[in-house]
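Just below is one structure, and these are the notes that go with it.
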Amino acid sequence: MTENTDRHAQKMAKKKAARDKIMATKTEEKGLIIVHTGKGKGKSSSAFGMVFRAIAHGMPAAVVQYIKGGMKTGERDLIETRFSDVCQFYTMGEGFTWETQDKSRDIEMAQAAWEKSKELIRDPEIRMVLLDEINIALRYDYIDVNDVVAFLRDEKPEMTHVILTGRNAKEELIEVADLVTEMELIKHPFRSGIKAQAGIEY
């Protein structure tokens, strides 16, 4: 037993030394462009986790929700009732496109959301901005992806993190991003007839 324990300790010591050597080369800090995409659940949930982590570190944040309508959500209620002094929250959609059935109105709302997003990103006091479901607006060309990419590349303050969520992220956005995660759908309760539930989906 002692031999196995000693072998394990030696193996872990080597792994730690290798890891420490790698970590010593990682010295830069910058505001990241982060994309959460894919068909799987968890894109917005993960992004909100980052927002709450930023808040916990005393970093002012902001959220702009594209597409999604005025439905009550746990994250919005929590931010607005407990953290409104450190996180601004704007719900600027009126529901998914199949709900609104008004393309011109959807485009108008998406454009207004993008203008608000740029204002928040430019604000030097805000350290993290979540653009929730912006990828849907980009997919339908409600907003020009080239404008978004150019703004993030040329105007985003150096230390501001921007998170962009939604399915079908465009290649141009993926190219300019620092961190891209694709959520893969393996199994979902909706397919078994289970509806969206508080605390899970909203």
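How things are named: the first chain in the structure tokens is A, the next is B, and so on; residues count from 1 in each chain; ligands count from 1 in the order shown.
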
### Task
Identify, on the basis of only C-alpha atoms, every residue whose closest approach to Gln65 in chain A does not exceed 6 Å; exclude the query and any residue fewer than 2 positions from it along the same chain; express the result as a PyMOL selection string.
chain A and resi 91-92+132

Save out the residues we just selected, C-alpha atoms, as an mmCIF file, in the first residue's frame.
```
data_model
loop_
_atom_site.group_PDB
_atom_site.id
_atom_site.type_symbol
_atom_site.label_atom_id
_atom_site.label_comp_id
_atom_site.auth_asym_id
_atom_site.auth_seq_id
_atom_site.Cartn_x
_atom_site.Cartn_y
_atom_site.Cartn_z
ATOM 1 C CA THR A 91 -34.639 43.042 -21.613
ATOM 2 C CA MET A 92 -35.013 44.491 -25.100
ATOM 3 C CA ASP A 132 -27.885 37.206 -24.273
#
```

### Task
Just the residues within 10 Å of Gly58 in chain A, please, counting only C-alpha atoms, with nothing from its chain fewer than 6 positions along; format it as a list in words.
Phe52, Val86 and Arg127 of chain A

DSSP strand (DSSP E or B) residues within range 67-134 of chain A, listed as a PDB file with N, CA and C atoms, in the first residue's frame:
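So the final result, stored in selection07.pdb, reads:
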```
ATOM      1  N   CYS A  87     -25.044  45.694 -11.367  1.00  0.00           N
ATOM      2  CA  CYS A  87     -25.347  45.051 -12.646  1.00  0.00           C
ATOM      3  C   CYS A  87     -26.618  45.644 -13.255  1.00  0.00           C
ATOM      4  N   GLN A  88     -26.467  46.296 -14.400  1.00  0.00           N
ATOM      5  CA  GLN A  88     -27.613  46.818 -15.133  1.00  0.00           C
ATOM      6  C   GLN A  88     -28.235  45.688 -15.955  1.00  0.00           C
ATOM      7  N   PHE A  89     -29.559  45.720 -16.108  1.00  0.00           N
ATOM      8  CA  PHE A  89     -30.246  44.627 -16.809  1.00  0.00           C
ATOM      9  C   PHE A  89     -31.281  45.229 -17.762  1.00  0.00           C
ATOM     10  N   TYR A  90     -31.163  44.882 -19.051  1.00  0.00           N
ATOM     11  CA  TYR A  90     -32.081  45.392 -20.058  1.00  0.00           C
ATOM     12  C   TYR A  90     -32.659  44.228 -20.863  1.00  0.00           C
ATOM     13  N   THR A  91     -33.957  44.028 -20.774  1.00  0.00           N
ATOM     14  CA  THR A  91     -34.639  43.042 -21.613  1.00  0.00           C
ATOM     15  C   THR A  91     -35.238  43.817 -22.780  1.00  0.00           C
ATOM     16  N   MET A 128     -17.929  43.676 -17.409  1.00  0.00           N
ATOM     17  CA  MET A 128     -18.456  42.513 -18.130  1.00  0.00           C
ATOM     18  C   MET A 128     -19.839  42.840 -18.673  1.00  0.00           C
ATOM     19  N   VAL A 129     -20.049  42.516 -19.961  1.00  0.00           N
ATOM     20  CA  VAL A 129     -21.348  42.742 -20.585  1.00  0.00           C
ATOM     21  C   VAL A 129     -21.803  41.440 -21.241  1.00  0.00           C
ATOM     22  N   LEU A 130     -22.990  40.998 -20.871  1.00  0.00           N
ATOM     23  CA  LEU A 130     -23.590  39.793 -21.456  1.00  0.00           C
ATOM     24  C   LEU A 130     -24.610  40.210 -22.509  1.00  0.00           C
ATOM     25  N   LEU A 131     -24.420  39.749 -23.738  1.00  0.00           N
ATOM     26  CA  LEU A 131     -25.367  39.973 -24.828  1.00  0.00           C
ATOM     27  C   LEU A 131     -26.100  38.652 -25.056  1.00  0.00           C
ATOM     28  N   ASP A 132     -27.180  38.488 -24.318  1.00  0.00           N
ATOM     29  CA  ASP A 132     -27.885  37.206 -24.273  1.00  0.00           C
ATOM     30  C   ASP A 132     -28.752  37.010 -25.515  1.00  0.00           C
TER      31      ASP A 132
END
```

### Task
List every residue of range 14-110 of chain A that DSSP, applied to the backbone of this structure, places in helix (DSSP H, G or I), and write the result as a ChimeraX atom specification.
/A:14-24,43-56,74-82,97-100,103-110

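What separates CA of Arg7 in chain A from CA of Arg19 in chain A is a distance of 18.3 Å.
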
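Interatomic distance, CA of Ile79 in chain A to CA of Leu164 in chain A: 18.6 Å.
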
### Message
Using Å and a single decimal, report how far CA of His161 in chain A sits from CA of Ile143 in chain A.
### Response
20.4 Å

### Task
Extract, using only C-alpha atoms, all DNA, RNA and protein residues at most 12 Å from Trp114 in chain A, discarding same-chain residues fewer than 3 positions from it, and format them as JSON, numbers by chain.
{"A": [63, 64, 65, 66, 67, 90, 91, 92, 93, 107, 108, 109, 110, 111, 117, 118, 119, 120, 121, 129, 130, 131, 132, 133, 134, 135, 137, 138, 142, 143, 144, 145, 147, 148, 151, 152, 164]}

### Query
Pick the closest to Lys116 in chain A from A:Ala62, A:Asp178, A:His188, A:Ala18: which is it, counting only C-alpha atoms?
A:Ala62
